[in-house]
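Asker: Below is a structure I'd like to ask you about.
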Amino acid sequence: MADKKVIRTIGVLTSGGDAPGMNAAIRAVVRTALSKGLKVRGIRRGYQGLLNEEIIDLSARDVSDTIERGGTILQTARCAEMRTEEGQQKAAAICKKYGIDGLVVIGGDGSFAGAQKLANFGINTIGLPGTIDLDIACTEYTIGFDTAVNTAMQAIDKVRDTSTSHERCSIIEVMGRDAGYLALWCGIANGAEKILMPEEHDYDEEKIIEDIQESRKRGKKNYIIINAEGVGDSMNMAKRIEEATGMETRATILGHMQRGGSPTCKDRVYASIMGAKAVDLLLEGKTNRVVGYKHGEYVDFDIDEALGMTKGIPAYQYEIAKELAL
């Protein structure tokens, strides 16, 4: 185990897409580190801000009244330069210039890839899984998913109300470019008749049209299709279904509202524990790790190992969703 005195200053940044609960994680990193006698530096606008040296000192007061706020108080950005070796070396040099001995990176797989590269250049790094998509393979929980799925669920309930009044078919598009977890969970929670996900590329639109026609014969007043962003084409799909069935069909794209809003209790608590654990791991002399949640425990994985894992939609859950839609 490394000497605890090695870590004197911890940096924290949020990278990639924002997620509710990121502020809880930032707050936990700051206050855990300060309670252990460390300094904390906040890096604004992710890796782009690191390269631009947008680095500020953070006090306990700076993170007061932030746990209930959505988004990220440090802001976030995508950064193409961080994908180059030159950019990675520059980022590592800037960390050293500002005396940052350990860096906590809150984001998804792309953010972890950056952290992995910084670790290779001698910066102690810990990744926290922050993404509303739930698509990080090493963990059963990601910061922001619980809030996003509840936001989407409530919106879909409202669309169903008006869809029932007008006896419509509604296609509701949720976020998830490469992962269908939001779609799957909303499909089950909202009692959708059909769930379309990027993992299931071969959906049959003709079969959906037949199912809508059969449902109408049985006296069903509305029909809800949850469509993941990665499948997309909701507006055109609505036109095709209406033409084929004669049933008024509307598409609703929920979009970035799913990223925002005050985080749920789960996202506040889990993100807080993960933030504190990141600091403890750095003080134990660990680096190139990702914090995860598995089987009811907060655990950590080697970033290389974590990035090599794959995660699909649980087949059993998808089968249940189909059975419950009958």
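By convention here, the chains of the structure tokens are called A, B, ... in the order presented, each chain's residues are numbered starting at 1, and ligands are numbered starting at 1 in the order presented.
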I'd like a table as a Markdown table: residues in region 239-263 of chain A with an atom no more than 12 Å from region 69-87 of chain A, each row giving the shortest atom pair and its distance in Å to one decimal, only C-alpha atoms counted, sorted by chain and rising residue number.

Answerer:
| residue | atom | partner | partner_atom | distance |
| --- | --- | --- | --- | --- |
| A:His256 | CA | A:Gly71 | CA | 11.1 |
| A:Met257 | CA | A:Gly70 | CA | 10.8 |
| A:Gln258 | CA | A:Gly70 | CA | 10.6 |
| A:Arg259 | CA | A:Gly71 | CA | 7.4 |
| A:Gly260 | CA | A:Gly70 | CA | 5.5 |
| A:Gly261 | CA | A:Gly70 | CA | 4.9 |
| A:Ser262 | CA | A:Gly70 | CA | 4.8 |
| A:Pro263 | CA | A:Gly70 | CA | 6.1 |

Asker: Output the selection as a PDB file, in the first residue's frame - C-alpha atoms for each residue.

Answerer:
ATOM      1  CA  HIS A 256     -32.697  15.898 -23.394  1.00  0.00           C
ATOM      2  CA  MET A 257     -35.359  16.399 -20.716  1.00  0.00           C
ATOM      3  CA  GLN A 258     -34.304  12.907 -19.597  1.00  0.00           C
ATOM      4  CA  ARG A 259     -30.829  14.196 -18.703  1.00  0.00           C
ATOM      5  CA  GLY A 260     -32.072  16.976 -16.439  1.00  0.00           C
ATOM      6  CA  GLY A 261     -33.966  17.358 -13.211  1.00  0.00           C
ATOM      7  CA  SER A 262     -33.296  16.896  -9.525  1.00  0.00           C
ATOM      8  CA  PRO A 263     -31.721  13.466  -8.880  1.00  0.00           C
TER       9      PRO A 263
END

Asker: Need to verify the contact set: Met175 (chain A), 9 Å, only C-alpha atoms, exclusion of same-chain residues closer than 5 positions in sequence. Can you return it as an NGL selection string?

Answerer: :A and (132-133 or 180 or 182-183 or 227-230 or 253-256 or 258-259)

Asker: Got time to write the residues from that selection, N, CA and C atoms, as a PDB file, in the first residue's frame?

Answerer:
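So result16.pdb came out as:
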ATOM      1  N   ILE A 132     -26.668   8.136 -18.069  1.00  0.00           N
ATOM      2  CA  ILE A 132     -28.086   7.762 -17.943  1.00  0.00           C
ATOM      3  C   ILE A 132     -28.400   6.487 -18.718  1.00  0.00           C
ATOM      4  N   ASP A 133     -27.436   5.973 -19.498  1.00  0.00           N
ATOM      5  CA  ASP A 133     -27.716   4.828 -20.374  1.00  0.00           C
ATOM      6  C   ASP A 133     -27.563   3.466 -19.714  1.00  0.00           C
ATOM      7  N   GLY A 180     -30.318  -0.057 -24.936  1.00  0.00           N
ATOM      8  CA  GLY A 180     -31.774   0.003 -24.807  1.00  0.00           C
ATOM      9  C   GLY A 180     -32.323  -0.111 -23.390  1.00  0.00           C
ATOM     10  N   LEU A 182     -32.994   2.191 -21.018  1.00  0.00           N
ATOM     11  CA  LEU A 182     -34.088   3.133 -20.742  1.00  0.00           C
ATOM     12  C   LEU A 182     -35.371   2.653 -21.417  1.00  0.00           C
ATOM     13  N   ALA A 183     -35.254   2.212 -22.666  1.00  0.00           N
ATOM     14  CA  ALA A 183     -36.430   1.721 -23.403  1.00  0.00           C
ATOM     15  C   ALA A 183     -37.024   0.488 -22.731  1.00  0.00           C
ATOM     16  N   ASN A 227     -39.601   3.556 -28.251  1.00  0.00           N
ATOM     17  CA  ASN A 227     -38.562   3.445 -29.278  1.00  0.00           C
ATOM     18  C   ASN A 227     -37.274   4.081 -28.771  1.00  0.00           C
ATOM     19  N   ALA A 228     -36.179   3.338 -28.790  1.00  0.00           N
ATOM     20  CA  ALA A 228     -34.884   3.899 -28.367  1.00  0.00           C
ATOM     21  C   ALA A 228     -34.316   4.787 -29.465  1.00  0.00           C
ATOM     22  N   GLU A 229     -33.610   5.813 -29.045  1.00  0.00           N
ATOM     23  CA  GLU A 229     -32.979   6.779 -29.958  1.00  0.00           C
ATOM     24  C   GLU A 229     -32.100   6.082 -31.003  1.00  0.00           C
ATOM     25  N   GLY A 230     -31.455   4.983 -30.612  1.00  0.00           N
ATOM     26  CA  GLY A 230     -30.582   4.250 -31.534  1.00  0.00           C
ATOM     27  C   GLY A 230     -31.334   3.591 -32.676  1.00  0.00           C
ATOM     28  N   ILE A 253     -40.776  12.723 -29.051  1.00  0.00           N
ATOM     29  CA  ILE A 253     -39.358  12.497 -28.754  1.00  0.00           C
ATOM     30  C   ILE A 253     -39.035  13.210 -27.442  1.00  0.00           C
ATOM     31  N   LEU A 254     -38.743  12.422 -26.403  1.00  0.00           N
ATOM     32  CA  LEU A 254     -38.519  13.010 -25.076  1.00  0.00           C
ATOM     33  C   LEU A 254     -37.203  13.775 -24.999  1.00  0.00           C
ATOM     34  N   GLY A 255     -36.186  13.309 -25.710  1.00  0.00           N
ATOM     35  CA  GLY A 255     -34.944  14.077 -25.841  1.00  0.00           C
ATOM     36  C   GLY A 255     -34.244  14.396 -24.536  1.00  0.00           C
ATOM     37  N   HIS A 256     -33.617  15.578 -24.483  1.00  0.00           N
ATOM     38  CA  HIS A 256     -32.697  15.898 -23.394  1.00  0.00           C
ATOM     39  C   HIS A 256     -33.372  16.197 -22.059  1.00  0.00           C
ATOM     40  N   GLN A 258     -34.656  14.087 -20.398  1.00  0.00           N
ATOM     41  CA  GLN A 258     -34.304  12.907 -19.597  1.00  0.00           C
ATOM     42  C   GLN A 258     -32.976  13.072 -18.870  1.00  0.00           C
ATOM     43  N   ARG A 259     -32.122  13.970 -19.357  1.00  0.00           N
ATOM     44  CA  ARG A 259     -30.829  14.196 -18.703  1.00  0.00           C
ATOM     45  C   ARG A 259     -30.952  15.100 -17.478  1.00  0.00           C
TER      46      ARG A 259
END

Asker: Determine the nearest neighbour of Lys90 (chain A) from the options A:Gln116, A:Asn52, A:Asn236, A:Asn124, counting only C-alpha atoms.

Answerer: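 Nearest to Lys90 (chain A): A:Asn52.
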
Asker: Among region 86-269 of chain A, which residues carry a DSSP assignment of strand (DSSP E), reported as an MDAnalysis selection string?

Answerer: chainID A and resid 102:107 124:129 169:174 194:196 223:228 249:253

Asker: Env of Ser64 (chain A): 12 Å cut, atoms = only C-alpha atoms, seq-sep filter 5 positions within chain, self excluded. Answer as a list in words.

Answerer: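 Returned residues: Asn23, Ala24, Ile26, Arg27, Ala28, Val30, Arg31, Leu58, Ser59, Arg69 and Ile73 of chain A.
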
Asker: Next, dump the selected residues to file, keeping only C-alpha atoms, as a compact mmCIF listing (two decimals), in the first residue's frame.

Answerer:
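Listing of result_2.txt after writing:
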# COMPACT_ATOMS: atom_id res chain seq x y z
CA ASN A 23 -23.14 16.86 -8.40
CA ALA A 24 -23.64 14.44 -5.50
CA ILE A 26 -18.49 15.86 -6.95
CA ARG A 27 -19.66 16.98 -3.49
CA ALA A 28 -18.67 13.63 -1.96
CA VAL A 30 -14.65 17.30 -2.30
CA ARG A 31 -15.87 16.78 1.26
CA LEU A 58 -12.90 23.79 -4.31
CA SER A 59 -13.95 24.29 -0.68
CA ARG A 69 -29.28 19.95 -8.53
CA ILE A 73 -21.71 22.26 -11.57

Asker: Using only C-alpha atoms, which of the listed residues (A:Lys194, A:Lys294, A:His201, A:His166) sits closest to Glu323 (chain A)?

Answerer: A:Lys194

Asker: Please list as a ChimeraX atom specification every residue within 7 Å of Ile303 (chain A), counting only C-alpha atoms and excluding residues in the same chain fewer than 6 positions away.

Answerer: /A:112,116,288-290

Asker: For region 98-110 of chain A, find every residue with an atom within 7 Å (counting only C-alpha atoms), except residues of its own chain fewer than 4 positions away, and show them as a ChimeraX atom specification.

Answerer: /A:7-16,94,114-115,123-131,136,278,282,307

Asker: Take the residues from that selection and put them in a file with C-alpha atoms, as a tab-separated table (two decimals), in the first residue's frame.

Answerer:
chain	number	residue	atom	x	y	z
A	7	ILE	CA	-1.69	12.07	-2.31
A	8	ARG	CA	-1.99	15.71	-1.29
A	9	THR	CA	-4.25	17.17	-3.98
A	10	ILE	CA	-7.16	15.50	-5.78
A	11	GLY	CA	-8.67	16.76	-9.01
A	12	VAL	CA	-12.23	16.04	-10.11
A	13	LEU	CA	-13.92	16.42	-13.51
A	14	THR	CA	-17.11	15.39	-15.28
A	15	SER	CA	-16.87	14.27	-18.89
A	16	GLY	CA	-19.18	13.22	-21.73
A	94	ILE	CA	-1.04	20.00	-16.72
A	114	GLY	CA	-9.11	9.10	-21.21
A	115	ALA	CA	-8.49	8.20	-17.55
A	123	ILE	CA	-1.48	10.20	-13.06
A	124	ASN	CA	-3.39	8.23	-10.39
A	125	THR	CA	-6.93	7.98	-11.79
A	126	ILE	CA	-10.25	6.62	-10.54
A	127	GLY	CA	-13.35	6.49	-12.77
A	128	LEU	CA	-16.95	6.83	-11.52
A	129	PRO	CA	-19.70	5.51	-13.83
A	130	GLY	CA	-21.85	8.52	-14.75
A	131	THR	CA	-24.30	7.89	-17.60
A	136	ILE	CA	-21.11	0.35	-18.45
A	278	ALA	CA	-12.92	7.10	-5.14
A	282	LEU	CA	-6.59	7.02	-4.17
A	307	LEU	CA	-13.36	-1.41	-20.80
